[in-house]
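**Student:** Have a look at this one before I ask anything.
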Amino acid sequence: MFISCGVLGLVDVPVVQGSERVLERVVCPVCRNVARFCKLSVCPYYRNVYEGIRRSLSSESLFGPSPPALLFGEWGYPRIYGGSCVSFLEGVEAGLLESPRSWLKFSIDDLVALRLGLVLGRLRMPVVSARRPGRVLEAIQESALSSLPVDVELRVAGGFRARPGFGVRAMPHGPSVRVEGVRVVGNVSAPRIVERFVGDVDVSAGEAVGELYLRGVDEYYLSRIFSAGLLGRRVERRLVPTEWSITAIDDLIGRMLLRRVRELRVIDEFRVYEASALFNSVFVVLVPFPWMFELLEGWVRFLSDSPYVDSEYFWGRSRYAENTGGAYYAVRLSVLRYLVSRGEQAGAVVFFEVGRGWVPLGVWRFRELTRVALESGFRRFGSLDEALGYVGPRLSIPLGRYLSRSRLVPFIRGQARLA
Amino acid sequence: MRLPNAEYLTDLMKAVSAVVDEATFKIDSEGLKLVSMDPAHISLVDFFLSKEAAEEYSASRDLELTINMQDLLKFLKRSKKGEALTLSYDAEKKKLTLTLTDSAYSRERNFQLSTLEPAGMGAMTTPKLSFEAKARLSTDAFWEAIEDAGIIADAMKITIQPDMVVLTAKGETSTIQNKLSKQGALVYEIQTEKEVSASFSLTYLEKIIKPCRDVSEEVTMMLSTNKPIKLQFPFPAGRLEYLIAPRLE
């Protein structure tokens, strides 16, 4: 059986660029031990989740609350695998399984246990089927649309796979089964404004996302319905692999906010914001410049690799941030959102350090940890060097390693101005 | 204002938009003027289009109009080869009208653009600077050096020596150098008594030089050590100049 060799030996992580590439294959994301030393009896996944789920999986149908959560992989595009997830955890409110905003206060073990308690009912569908969904996809879309947990029934067609799914950007899930039918039991509740844009097949996806965001619909909800192919003009609608959808939404909202930030008053001091949780720490350095942004991402576990970096100047960027990937757009969104809420403009250099204990739980922690840092107040500094002098000793990787990769720090230090 | 060739203005406006997003043009009996800095105050553009460039020109009184350059460019990019362009401004309605006329097909297209409230910067003049060295060279050769430098660095050092112009970029482990000799066909003139040099951010050089290649085949650079550089792109009936603040190492 698969699990005898640790979980990770079998976790397939797609090879992607940049920092996301460092999701290595030697460490098991469940127990964080070297995969080949893993023992059946000590694997928390095996002990707590898998045995329980396997017992209930003997029936032909699975019934449980969905947070709601859905997942589509990118493998096989444009015919992708994925579907709805239902919770198998007893005594846990299902909504908690898909609410990253409240996750930073949990431990990694708790989060792994929470997420691995989700069973994915997968089937293969062409992405364009979102336009004219059959009964199964219609039910998946319906559950995605719900803003509250909803009961879902999966009709199992076999193909039980015990291995959990870890991705580079999406949150993990537990075992999966092949399904032939999906049924939403009970009522789905969605805000009226969301239903209006879902029903409107003449508004572009970008416009719909912008409008909904401005009316208070958060990015997690948006990325879920975008992934389910529920937004956009009729011809544009398609299923979007979860990881693409997350970053697409971060970027769309970010671009919209950036247009506002460019008009705002520039701050006149240097500031440092900080936060750490779940083996991740972030330092946001705001500088008295018009909008600029840089993410410097260092992985303590891979000291031999230089920190990953991407940056943009005032005009924003048009090419994908291929070194830091989804993290770039997630952090940028939180910074832009903060600037808009304060009515301020600034340049931002963000140091994000991922510690040894981290397991791939998704890109949300970039977004959330940056948000927490920005919301918890700042320290003032008179110069960039003073600000960096504060940050340097608090990082595990030497500051110089980050700075050698930075484009914006030499720019801020050396660039003279005309007036 | 009626221009025989719409493309001419498109190229110029692309060059201006390298520095400014919202441009406030002054219009008077001489022509169209603009002096503006980018939001970070690192570069400045000084633009003038004389009424002599136009077949017809009239300005009943002096006025200022502020436009979003991207909106203007969207319209200008619709122009086709051989089309003439007429610009007219209705001060009461605050609307700028672009009329593209294709005489061969007797077609006329009107684009109307609302002007914006000026952003308060008001009149700005180019700072008076003196320069120790001057060189005239091919814009394309300068552009190629910038592209070379972009492979490894964020900044490029421009050195004017009595007998050559040297463009250098340093990366972590590599160096790229472009030497343009005074004897060669790419340098038209050098005036300097000593060696003068300064470094500039490639981001700004790229943004500015790229569109200017369509405006002028030659560029005049005026430089003092570690001071702003002035770049002039001569074209008939007007002036296009930039200042860029240096990068200090």
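We label chains A, B, ... in the order they appear in the structure tokens, count residues from 1 in each chain, and number ligands from 1 in the order shown.
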Would you give me, as a ChimeraX atom specification, the residues in range 70-301 of chain A that DSSP reads as helix (DSSP H, G or I)?
**Tutor:** /A:94-98,100-102,108-116,127-130,135-145,192-199,205-214,219-227,234-236,242-261,300-301
**Student:** Can you pull out every residue within 6 Å of range 69-83 of chain A, counting only C-alpha atoms, but drop anything in the same chain fewer than 3 positions away, and send it as a compact mmCIF listing (two decimals) with N, CA and C atoms, in the first residue's frame?
**Tutor:**
```
# COMPACT_ATOMS: atom_id res chain seq x y z
N GLY A 121 -14.04 14.65 -4.75
CA GLY A 121 -14.75 13.81 -5.72
C GLY A 121 -14.34 14.28 -7.10
N ARG A 122 -13.51 13.47 -7.78
CA ARG A 122 -12.94 13.99 -9.02
C ARG A 122 -13.55 13.33 -10.25
N LEU A 123 -13.61 14.10 -11.29
CA LEU A 123 -13.94 13.56 -12.61
C LEU A 123 -13.27 14.45 -13.65
N ARG A 124 -13.23 13.94 -14.87
CA ARG A 124 -12.53 14.68 -15.90
C ARG A 124 -13.53 15.43 -16.77
N MET A 125 -13.24 16.70 -17.01
CA MET A 125 -14.17 17.51 -17.80
C MET A 125 -13.40 18.45 -18.71
N PRO A 126 -13.92 18.67 -19.91
CA PRO A 126 -13.31 19.71 -20.74
C PRO A 126 -13.60 21.07 -20.14
N VAL A 127 -12.62 21.97 -20.16
CA VAL A 127 -12.83 23.27 -19.51
C VAL A 127 -13.99 24.05 -20.10
N PRO A 241 -8.12 25.86 -13.73
CA PRO A 241 -7.40 25.15 -12.68
C PRO A 241 -7.24 26.05 -11.45
N THR A 242 -7.45 25.47 -10.28
CA THR A 242 -7.49 26.25 -9.04
C THR A 242 -6.29 27.18 -8.88
```
**Student:** Considering only C-alpha atoms, extract the chain A residues located within 7 Å of chain B and return them as a PyMOL selection string.
**Tutor:** chain A and resi 289-290+414-419
**Student:** Go through B:Leu9, B:Glu55, B:Leu76, B:Leu116 one by one, measure the shortest atom-to-atom distance of each to Ala23 in chain B using only C-alpha atoms, and give the residue with the smallest value.
**Tutor:**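 With only C-alpha atoms as the atom set, the closest residue is B:Leu116.
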**Student:** Sort by chain and increasing residue number a table of all residues of range 154-233 of chain B within 6 Å of range 130-147 of chain B, each with its closest pair of atoms and their distance in Å to one decimal, counting only C-alpha atoms, and write it as JSON lines.
**Tutor:**
```
{"residue": "B:Leu186", "atom": "CA", "partner": "B:Ser138", "partner_atom": "CA", "distance": 5.2}
{"residue": "B:Val187", "atom": "CA", "partner": "B:Leu137", "partner_atom": "CA", "distance": 4.2}
{"residue": "B:Tyr188", "atom": "CA", "partner": "B:Arg136", "partner_atom": "CA", "distance": 5.3}
{"residue": "B:Glu189", "atom": "CA", "partner": "B:Arg136", "partner_atom": "CA", "distance": 5.0}
{"residue": "B:Ile190", "atom": "CA", "partner": "B:Ala135", "partner_atom": "CA", "distance": 4.3}
{"residue": "B:Gln191", "atom": "CA", "partner": "B:Lys134", "partner_atom": "CA", "distance": 5.1}
{"residue": "B:Thr192", "atom": "CA", "partner": "B:Ala133", "partner_atom": "CA", "distance": 4.6}
{"residue": "B:Glu217", "atom": "CA", "partner": "B:Thr139", "partner_atom": "CA", "distance": 5.3}
{"residue": "B:Glu218", "atom": "CA", "partner": "B:Ser138", "partner_atom": "CA", "distance": 4.5}
{"residue": "B:Val219", "atom": "CA", "partner": "B:Thr139", "partner_atom": "CA", "distance": 5.4}
{"residue": "B:Thr220", "atom": "CA", "partner": "B:Arg136", "partner_atom": "CA", "distance": 4.3}
{"residue": "B:Met221", "atom": "CA", "partner": "B:Ala135", "partner_atom": "CA", "distance": 5.4}
{"residue": "B:Met222", "atom": "CA", "partner": "B:Lys134", "partner_atom": "CA", "distance": 4.5}
{"residue": "B:Leu223", "atom": "CA", "partner": "B:Ala133", "partner_atom": "CA", "distance": 5.2}
{"residue": "B:Ser224", "atom": "CA", "partner": "B:Glu132", "partner_atom": "CA", "distance": 5.0}
```
**Student:** What's around Gln177 in chain B at 10 Å? Count only C-alpha atoms, leave out sequence neighbours fewer than 3 positions away in its own chain, and write the answer as a ChimeraX atom specification.
**Tutor:** /B:145,148-149,156-157,166-170,180
**Student:** Please extract the residues of range 15-234 of chain A with a backbone DSSP assignment of strand (DSSP E) and present them as an NGL selection string.
**Tutor:** :A and (61-66 or 69-72 or 79-87 or 118-126 or 150-156 or 176-185)
**Student:** Here is a test: counting only C-alpha atoms, which residue of B:Thr125, B:Pro234, B:Ser197, B:Asp71 is nearest to Asp46 in chain B?
**Tutor:** B:Thr125
**Student:** Could you state the separation of CA of Leu286 in chain A and CA of Gln345 in chain A in Å, given to one decimal place?
**Tutor:**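 Straight-line distance from CA of Leu286 in chain A to CA of Gln345 in chain A works out to 9.2 Å.
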**Student:** Restricting the calculation to only C-alpha atoms: of B:Val20, B:Gly150, B:Gly31, B:Leu12, which residue gets closest to Glu206 in chain B?
**Tutor:**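 Between B:Val20, B:Gly150, B:Gly31, B:Leu12, the residue approaching Glu206 in chain B most closely is B:Gly150.
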**Student:** Grab the CA of Val112 in chain A to CA of Val359 in chain A distance for me, in Å with one decimal place.
**Tutor:**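 Here the two named atoms are 8.7 Å from each other.
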